[in-house]
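Peer 1: Here you go, this is entry_33.cif (mmCIF, C-alpha atoms).
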```cif
data_structure
#
loop_
_atom_site.group_PDB
_atom_site.id
_atom_site.type_symbol
_atom_site.label_atom_id
_atom_site.label_comp_id
_atom_site.auth_asym_id
_atom_site.auth_seq_id
_atom_site.Cartn_x
_atom_site.Cartn_y
_atom_site.Cartn_z
ATOM 1 C CA MET C 1 23.958 -3.362 2.636
ATOM 2 C CA GLU C 2 20.836 -2.759 0.609
ATOM 3 C CA VAL C 3 17.398 -3.603 1.901
ATOM 4 C CA GLN C 4 15.554 -6.393 0.140
ATOM 5 C CA VAL C 5 11.805 -6.828 0.307
ATOM 6 C CA ALA C 6 10.864 -10.378 1.230
ATOM 7 C CA PRO C 7 8.685 -12.177 -1.309
ATOM 8 C CA LEU C 8 4.963 -12.473 -0.807
ATOM 9 C CA ARG C 9 4.334 -16.012 0.424
ATOM 10 C CA ALA C 10 1.494 -18.035 -1.073
ATOM 11 C CA TRP C 11 -1.725 -17.414 0.811
ATOM 12 C CA ASP C 12 -2.333 -21.154 1.208
ATOM 13 C CA ASP C 13 1.067 -21.332 2.965
ATOM 14 C CA PHE C 14 0.300 -18.241 5.041
ATOM 15 C CA PHE C 15 -3.107 -19.335 6.228
ATOM 16 C CA PRO C 16 -3.714 -23.026 5.543
ATOM 17 C CA GLY C 17 -5.763 -25.494 7.554
ATOM 18 C CA SER C 18 -5.345 -26.146 11.254
ATOM 19 C CA ASP C 19 -2.639 -28.795 10.659
ATOM 20 C CA ARG C 20 0.021 -26.049 10.409
ATOM 21 C CA PHE C 21 -1.009 -24.195 13.539
ATOM 22 C CA ALA C 22 -0.368 -25.147 17.153
ATOM 23 C CA LEU C 23 -0.294 -23.435 20.502
ATOM 24 C CA PRO C 24 3.229 -22.439 21.532
ATOM 25 C CA ASP C 25 4.905 -24.005 24.542
ATOM 26 C CA LEU C 26 4.193 -21.334 27.144
ATOM 27 C CA LYS C 27 6.756 -22.866 29.505
ATOM 28 C CA ASP C 28 9.613 -22.256 27.052
ATOM 29 C CA ILE C 29 9.490 -18.520 26.337
ATOM 30 C CA SER C 30 12.712 -18.497 24.281
ATOM 31 C CA LYS C 31 11.348 -21.152 21.910
ATOM 32 C CA TRP C 32 8.084 -19.231 21.575
ATOM 33 C CA ASN C 33 10.033 -16.003 20.948
ATOM 34 C CA ASN C 34 12.111 -17.790 18.296
ATOM 35 C CA ARG C 35 8.931 -18.975 16.549
ATOM 36 C CA VAL C 36 7.473 -15.467 16.566
ATOM 37 C CA VAL C 37 10.680 -13.874 15.236
ATOM 38 C CA SER C 38 11.044 -16.550 12.544
ATOM 39 C CA ASN C 39 7.477 -16.138 11.362
ATOM 40 C CA LEU C 40 7.688 -12.328 11.436
ATOM 41 C CA LEU C 41 10.716 -12.505 9.156
ATOM 42 C CA TYR C 42 9.349 -15.186 6.846
ATOM 43 C CA TYR C 43 5.798 -13.834 6.390
ATOM 44 C CA GLN C 44 6.643 -10.127 6.689
ATOM 45 C CA THR C 45 5.257 -9.162 3.281
ATOM 46 C CA ASN C 46 2.007 -11.042 3.962
ATOM 47 C CA TYR C 47 1.733 -9.262 7.321
ATOM 48 C CA LEU C 48 2.380 -5.952 5.582
ATOM 49 C CA MET C 49 -0.424 -6.658 3.097
ATOM 50 C CA VAL C 50 -2.923 -7.529 5.846
ATOM 51 C CA ALA C 51 -1.883 -4.505 7.924
ATOM 52 C CA ALA C 52 -2.053 -2.223 4.865
ATOM 53 C CA ALA C 53 -5.590 -3.414 4.141
ATOM 54 C CA LEU C 54 -6.728 -2.721 7.711
ATOM 55 C CA VAL C 55 -4.920 0.631 7.886
ATOM 56 C CA SER C 56 -6.415 1.610 4.507
ATOM 57 C CA ILE C 57 -9.938 0.821 5.650
ATOM 58 C CA VAL C 58 -9.552 2.756 8.895
ATOM 59 C CA GLY C 59 -7.628 5.531 7.121
ATOM 60 C CA PHE C 60 -10.419 5.865 4.563
ATOM 61 C CA LEU C 61 -13.016 6.183 7.327
ATOM 62 C CA SER C 62 -10.972 8.612 9.454
ATOM 63 C CA PRO C 63 -7.876 9.882 7.618
ATOM 64 C CA LEU C 64 -6.772 12.676 9.981
ATOM 65 C CA ASN C 65 -7.064 10.538 13.109
ATOM 66 C CA MET C 66 -5.236 7.675 11.389
ATOM 67 C CA LEU C 67 -2.413 10.031 10.415
ATOM 68 C CA ILE C 68 -2.184 11.365 13.972
ATOM 69 C CA GLY C 69 -2.307 7.836 15.423
ATOM 70 C CA GLY C 70 0.372 6.492 13.087
ATOM 71 C CA THR C 71 2.638 9.458 13.764
ATOM 72 C CA VAL C 72 2.260 9.076 17.530
ATOM 73 C CA VAL C 73 3.052 5.338 17.431
ATOM 74 C CA VAL C 74 6.152 5.870 15.246
ATOM 75 C CA LEU C 75 7.421 8.685 17.475
ATOM 76 C CA VAL C 76 6.810 6.690 20.668
ATOM 77 C CA PHE C 77 8.547 3.637 19.151
ATOM 78 C CA LEU C 78 11.564 5.712 18.121
ATOM 79 C CA GLY C 79 11.626 7.354 21.561
ATOM 80 C CA PHE C 80 11.568 3.987 23.353
ATOM 81 C CA VAL C 81 14.289 2.569 21.093
ATOM 82 C CA TRP C 82 16.451 5.662 21.649
ATOM 83 C CA MET C 83 15.919 5.510 25.432
ATOM 84 C CA SER C 84 16.710 1.787 25.503
ATOM 85 C CA HIS C 85 20.038 2.435 23.796
ATOM 86 C CA ASN C 86 20.889 5.063 26.413
ATOM 87 C CA LYS C 87 19.564 3.353 29.560
ATOM 88 C CA ASP C 88 20.841 -0.089 30.551
ATOM 89 C CA VAL C 89 17.684 -0.915 32.534
ATOM 90 C CA LEU C 90 15.471 -0.396 29.482
ATOM 91 C CA ARG C 91 17.930 -2.215 27.235
ATOM 92 C CA LYS C 92 17.845 -5.304 29.487
ATOM 93 C CA MET C 93 14.038 -5.168 29.659
ATOM 94 C CA LYS C 94 13.803 -4.892 25.865
ATOM 95 C CA LYS C 95 16.131 -7.865 25.402
ATOM 96 C CA GLN C 96 14.602 -10.140 28.061
ATOM 97 C CA TYR C 97 10.943 -9.143 27.718
ATOM 98 C CA PRO C 98 10.320 -7.939 24.170
ATOM 99 C CA THR C 99 6.557 -8.367 24.485
ATOM 100 C CA THR C 100 6.514 -6.159 27.585
ATOM 101 C CA PHE C 101 8.530 -3.570 25.689
ATOM 102 C CA VAL C 102 6.052 -3.557 22.778
ATOM 103 C CA VAL C 103 3.088 -3.435 25.197
ATOM 104 C CA ALA C 104 4.685 -0.423 26.935
ATOM 105 C CA ILE C 105 5.027 1.301 23.548
ATOM 106 C CA MET C 106 1.408 0.544 22.697
ATOM 107 C CA LEU C 107 0.088 1.706 26.097
ATOM 108 C CA SER C 108 2.089 4.929 25.883
ATOM 109 C CA SER C 109 0.757 5.462 22.364
ATOM 110 C CA TYR C 110 -2.780 4.736 23.553
ATOM 111 C CA PHE C 111 -2.613 7.381 26.280
ATOM 112 C CA LEU C 112 -1.146 9.983 23.929
ATOM 113 C CA ILE C 113 -3.733 9.236 21.247
ATOM 114 C CA SER C 114 -6.587 9.347 23.763
ATOM 115 C CA TYR C 115 -5.322 12.788 24.712
ATOM 116 C CA LEU C 116 -4.988 13.925 21.079
ATOM 117 C CA GLY C 117 -7.726 12.148 19.188
ATOM 118 C CA ASP C 118 -9.834 9.120 18.499
ATOM 119 C CA VAL C 119 -9.023 5.953 20.455
ATOM 120 C CA MET C 120 -11.045 3.691 18.134
ATOM 121 C CA VAL C 121 -8.755 4.578 15.244
ATOM 122 C CA PHE C 122 -5.836 3.442 17.402
ATOM 123 C CA MET C 123 -7.611 0.208 18.353
ATOM 124 C CA PHE C 124 -8.692 -0.831 14.850
ATOM 125 C CA GLY C 125 -6.063 0.831 12.680
ATOM 126 C CA ILE C 126 -2.906 0.194 14.668
ATOM 127 C CA THR C 127 -3.426 -2.308 17.476
ATOM 128 C CA LEU C 128 -5.569 -4.821 15.552
ATOM 129 C CA PRO C 129 -3.005 -5.380 12.752
ATOM 130 C CA LEU C 130 -0.205 -5.785 15.322
ATOM 131 C CA LEU C 131 -2.322 -8.192 17.371
ATOM 132 C CA LEU C 132 -3.195 -10.266 14.297
ATOM 133 C CA MET C 133 0.495 -10.455 13.336
ATOM 134 C CA PHE C 134 1.505 -11.545 16.836
ATOM 135 C CA VAL C 135 -1.236 -14.189 17.096
ATOM 136 C CA HIS C 136 -0.433 -15.637 13.669
ATOM 137 C CA ALA C 137 3.321 -15.601 14.317
ATOM 138 C CA SER C 138 2.767 -17.320 17.657
ATOM 139 C CA LEU C 139 0.505 -20.067 16.339
ATOM 140 C CA ARG C 140 2.000 -20.766 12.884
ATOM 141 C CA LEU C 141 4.431 -23.690 12.870
ATOM 142 C CA ARG C 142 7.676 -23.155 10.970
ATOM 143 C CA ASN C 143 8.781 -25.181 7.969
ATOM 144 C CA ILE C 144 12.224 -25.877 6.487
ATOM 145 C CA GLN C 145 12.068 -23.003 3.994
ATOM 146 C CA ASN C 146 11.104 -20.631 6.817
ATOM 147 C CA LYS C 147 14.124 -21.704 8.876
ATOM 148 C CA LEU C 148 16.517 -21.401 5.917
ATOM 149 C CA GLN C 149 15.364 -17.879 5.038
ATOM 150 C CA ASN C 150 15.720 -16.806 8.665
ATOM 151 C CA LYS C 151 19.286 -18.127 8.844
ATOM 152 C CA MET C 152 20.174 -16.113 5.748
ATOM 153 C CA GLU C 153 18.701 -13.011 7.377
ATOM 154 C CA GLY C 154 20.452 -13.778 10.671
ATOM 155 C CA ILE C 155 23.951 -14.057 9.249
ATOM 156 C CA GLY C 156 23.549 -10.933 7.164
ATOM 157 C CA LEU C 157 23.254 -12.450 3.693
ATOM 158 C CA LYS C 158 19.916 -10.720 3.318
ATOM 159 C CA LYS C 159 18.459 -7.644 5.086
ATOM 160 C CA THR C 160 14.729 -6.912 5.118
ATOM 161 C CA PRO C 161 12.543 -4.198 6.690
ATOM 162 C CA MET C 162 11.323 -6.569 9.415
ATOM 163 C CA GLY C 163 14.950 -7.460 10.110
ATOM 164 C CA PHE C 164 15.664 -3.793 10.858
ATOM 165 C CA ILE C 165 12.673 -3.582 13.226
ATOM 166 C CA LEU C 166 13.702 -6.782 15.019
ATOM 167 C CA ASP C 167 17.271 -5.477 15.268
ATOM 168 C CA ALA C 168 15.908 -2.307 16.889
ATOM 169 C CA LEU C 169 14.088 -4.552 19.377
ATOM 170 C CA GLU C 170 17.296 -6.637 19.732
ATOM 171 C CA GLN C 171 15.547 -9.888 18.846
ATOM 172 C CA GLN C 172 17.970 -11.371 16.333
ATOM 173 C CA GLU C 173 21.215 -11.537 18.279
ATOM 174 C CA ASP C 174 20.430 -14.901 19.896
ATOM 175 C CA SER C 175 19.855 -16.615 16.563
ATOM 176 C CA ILE C 176 23.076 -15.138 15.163
ATOM 177 C CA ASN C 177 25.023 -16.363 18.200
ATOM 178 C CA LYS C 178 23.504 -19.842 17.901
ATOM 179 C CA LEU C 179 24.405 -19.987 14.213
ATOM 180 C CA ALA C 180 27.978 -18.827 14.906
ATOM 181 C CA ASP C 181 28.307 -21.512 17.600
ATOM 182 C CA TYR C 182 26.991 -24.133 15.169
ATOM 183 C CA ILE C 183 29.417 -23.077 12.433
ATOM 184 C CA SER C 184 32.356 -23.217 14.855
ATOM 185 C CA LYS C 185 31.333 -26.730 15.959
ATOM 186 C CA VAL C 186 31.128 -27.871 12.346
ATOM 187 C CA LYS C 187 34.634 -26.494 11.638
ATOM 188 C CA GLU C 188 36.038 -28.471 14.567
#
```
Can you present the structure in this file as structure tokens?
Peer 2:
Amino acid sequence: MEVQVAPLRAWDDFFPGSDRFALPDLKDISKWNNRVVSNLLYYQTNYLMVAAALVSIVGFLSPLNMLIGGTVVVLVFLGFVWMSHNKDVLRKMKKQYPTTFVVAIMLSSYFLISYLGDVMVFMFGITLPLLLMFVHASLRLRNIQNKLQNKMEGIGLKKTPMGFILDALEQQEDSINKLADYISKVKE
């Protein structure tokens, strides 16, 4: 299956007034997780543009440290994903607590980067874009078009770069199972 880049969403849809933002229900973690995953898939190109702008600014100011920081984060992420596929304890943690898994990756990256280079590059060039994405994805309410696009991604009609990352973090299986259950109920 070939990878498709998601379209750039209109900026007034991406960041409109406060009427499209709300605090997530902190008591229902699965619903909050579903909102984050849906928004990450739907607005992935917008997130990429914002992250690219921040990484470019930091990379322009400190190119070698940004290259080292980016390499360390990618290698730590790949290492954690590989270990989680080989260790059941890590796999369960990744599935049940994806935020904890990402925080563990970021803390490990932080300690390696502090050993190798400039921590401020890590904070502003890598952590800040990820934090902005997470905050936006947590607060942005979903719309009908968002839900439809995510269903297409979930059942495999469309595969995007963010879909691959979320698959590596095992965050799409629940939505696929829910959709399969829904389809079987409709057939009955």
Peer 1: Which of these, C:Gln44, C:Arg20, C:Arg140, C:His85, has the shortest distance to Val5 of chain C once you count only C-alpha atoms?
Peer 2: C:Gln44
Peer 1: What do you get, as number ranges by chain, if you spell out every residue that the PyMOL selection byres ((chain C and resi 130) around 12) selects here?
Peer 2: C: 40, 44, 47-48, 50-52, 54-55, 73, 99, 102-103, 106, 122-129, 131-137
Peer 1: Can I get the selected residues back with C-alpha atoms, as a PDB file, in the coordinates of the input?
Peer 2:
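That gives us part-v7.pdb:
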```pdb
ATOM      1  CA  LEU C  40       7.688 -12.328  11.436  1.00  0.00           C
ATOM      2  CA  GLN C  44       6.643 -10.127   6.689  1.00  0.00           C
ATOM      3  CA  TYR C  47       1.733  -9.262   7.321  1.00  0.00           C
ATOM      4  CA  LEU C  48       2.380  -5.952   5.582  1.00  0.00           C
ATOM      5  CA  VAL C  50      -2.923  -7.529   5.846  1.00  0.00           C
ATOM      6  CA  ALA C  51      -1.883  -4.505   7.924  1.00  0.00           C
ATOM      7  CA  ALA C  52      -2.053  -2.223   4.865  1.00  0.00           C
ATOM      8  CA  LEU C  54      -6.728  -2.721   7.711  1.00  0.00           C
ATOM      9  CA  VAL C  55      -4.920   0.631   7.886  1.00  0.00           C
ATOM     10  CA  VAL C  73       3.052   5.338  17.431  1.00  0.00           C
ATOM     11  CA  THR C  99       6.557  -8.367  24.485  1.00  0.00           C
ATOM     12  CA  VAL C 102       6.052  -3.557  22.778  1.00  0.00           C
ATOM     13  CA  VAL C 103       3.088  -3.435  25.197  1.00  0.00           C
ATOM     14  CA  MET C 106       1.408   0.544  22.697  1.00  0.00           C
ATOM     15  CA  PHE C 122      -5.836   3.442  17.402  1.00  0.00           C
ATOM     16  CA  MET C 123      -7.611   0.208  18.353  1.00  0.00           C
ATOM     17  CA  PHE C 124      -8.692  -0.831  14.850  1.00  0.00           C
ATOM     18  CA  GLY C 125      -6.063   0.831  12.680  1.00  0.00           C
ATOM     19  CA  ILE C 126      -2.906   0.194  14.668  1.00  0.00           C
ATOM     20  CA  THR C 127      -3.426  -2.308  17.476  1.00  0.00           C
ATOM     21  CA  LEU C 128      -5.569  -4.821  15.552  1.00  0.00           C
ATOM     22  CA  PRO C 129      -3.005  -5.380  12.752  1.00  0.00           C
ATOM     23  CA  LEU C 131      -2.322  -8.192  17.371  1.00  0.00           C
ATOM     24  CA  LEU C 132      -3.195 -10.266  14.297  1.00  0.00           C
ATOM     25  CA  MET C 133       0.495 -10.455  13.336  1.00  0.00           C
ATOM     26  CA  PHE C 134       1.505 -11.545  16.836  1.00  0.00           C
ATOM     27  CA  VAL C 135      -1.236 -14.189  17.096  1.00  0.00           C
ATOM     28  CA  HIS C 136      -0.433 -15.637  13.669  1.00  0.00           C
ATOM     29  CA  ALA C 137       3.321 -15.601  14.317  1.00  0.00           C
TER      30      ALA C 137
END
```
Peer 1: Show me, as a list in words, the residues that have an atom within 12 Å of Trp11 of chain C when counting all atoms listed in the file, minus same-chain residues fewer than 3 positions from it.
Peer 2: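 After dropping sequence-adjacent residues, the list is Pro7, Leu8, Phe14, Phe15, Pro16, Gly17, Tyr43, Thr45, Asn46, Tyr47, Met49 and Val50 of chain C.
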Peer 1: Let's have the selection written as a tab-separated table (two decimals), in the coordinates of the input, with C-alpha atoms.
Peer 2:
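Output below, filename out15.tsv:
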```tsv
chain	number	residue	atom	x	y	z
C	7	PRO	CA	8.68	-12.18	-1.31
C	8	LEU	CA	4.96	-12.47	-0.81
C	14	PHE	CA	0.30	-18.24	5.04
C	15	PHE	CA	-3.11	-19.34	6.23
C	16	PRO	CA	-3.71	-23.03	5.54
C	17	GLY	CA	-5.76	-25.49	7.55
C	43	TYR	CA	5.80	-13.83	6.39
C	45	THR	CA	5.26	-9.16	3.28
C	46	ASN	CA	2.01	-11.04	3.96
C	47	TYR	CA	1.73	-9.26	7.32
C	49	MET	CA	-0.42	-6.66	3.10
C	50	VAL	CA	-2.92	-7.53	5.85
```
Peer 1: Using only C-alpha atoms, which of C:Ser84, C:Tyr42, C:Thr160, C:Asp118 sits nearest Pro63 of chain C?
Peer 2: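 Using only C-alpha atoms, Pro63 of chain C sits closest to C:Asp118.
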Peer 1: Could you check which of C:Thr100, C:Met93, C:Gly70, C:Trp82 is closest to Leu112 of chain C, using only C-alpha atoms?
Peer 2: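 Of C:Thr100, C:Met93, C:Gly70, C:Trp82, the one nearest Leu112 of chain C, counting only C-alpha atoms, is C:Gly70.
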Peer 1: Taking into account all atoms listed in the file, which residue in the set C:Val72, C:Val119, C:Val58, C:Leu139 is nearest to Asn33 of chain C?
Peer 2: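 Comparing C:Val72, C:Val119, C:Val58, C:Leu139 against Asn33 of chain C, the winner is C:Leu139.
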Peer 1: Distance atom CA of Arg142 of chain C-atom CA of Ile165 of chain C, one decimal place?
Peer 2: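 Between these atoms lies a distance of 20.3 Å.
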Peer 1: Have a look at C:Asp13, C:Lys159, C:Pro98, C:Leu116 and name the one nearest to Asn34 of chain C; count all atoms listed in the file.
Peer 2: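 When distances to Asn34 of chain C are compared using all atoms listed in the file, the smallest one comes from C:Pro98.
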Peer 1: Distance atom CA of Gln96 of chain C-atom CA of Lys31 of chain C, one decimal place?
Peer 2: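 Going from atom CA of Gln96 of chain C over to atom CA of Lys31 of chain C, I get 13.0 Å.
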Peer 1: Could you work out how far atom CA of Asp28 of chain C lies from atom CA of Ser138 of chain C, giving the answer in Å with one decimal?
Peer 2: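 It comes out at 12.6 Å.
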Peer 1: I need the residue nearest Tyr97 of chain C from this list: C:Leu141, C:Val37, C:Ala53, C:Ile29. Use only C-alpha atoms for the distance.
Peer 2: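 The shortest atom-to-atom distance to Tyr97 of chain C comes from C:Ile29.
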Peer 1: Residues near Gly79 of chain C, anyone? I mean within 12 Å using all atoms listed in the file, not counting same-chain ones fewer than 6 positions away, as JSON, numbers by chain.
Peer 2: {"C": [72, 73, 85, 86, 87, 90, 104, 105, 108, 109, 168]}
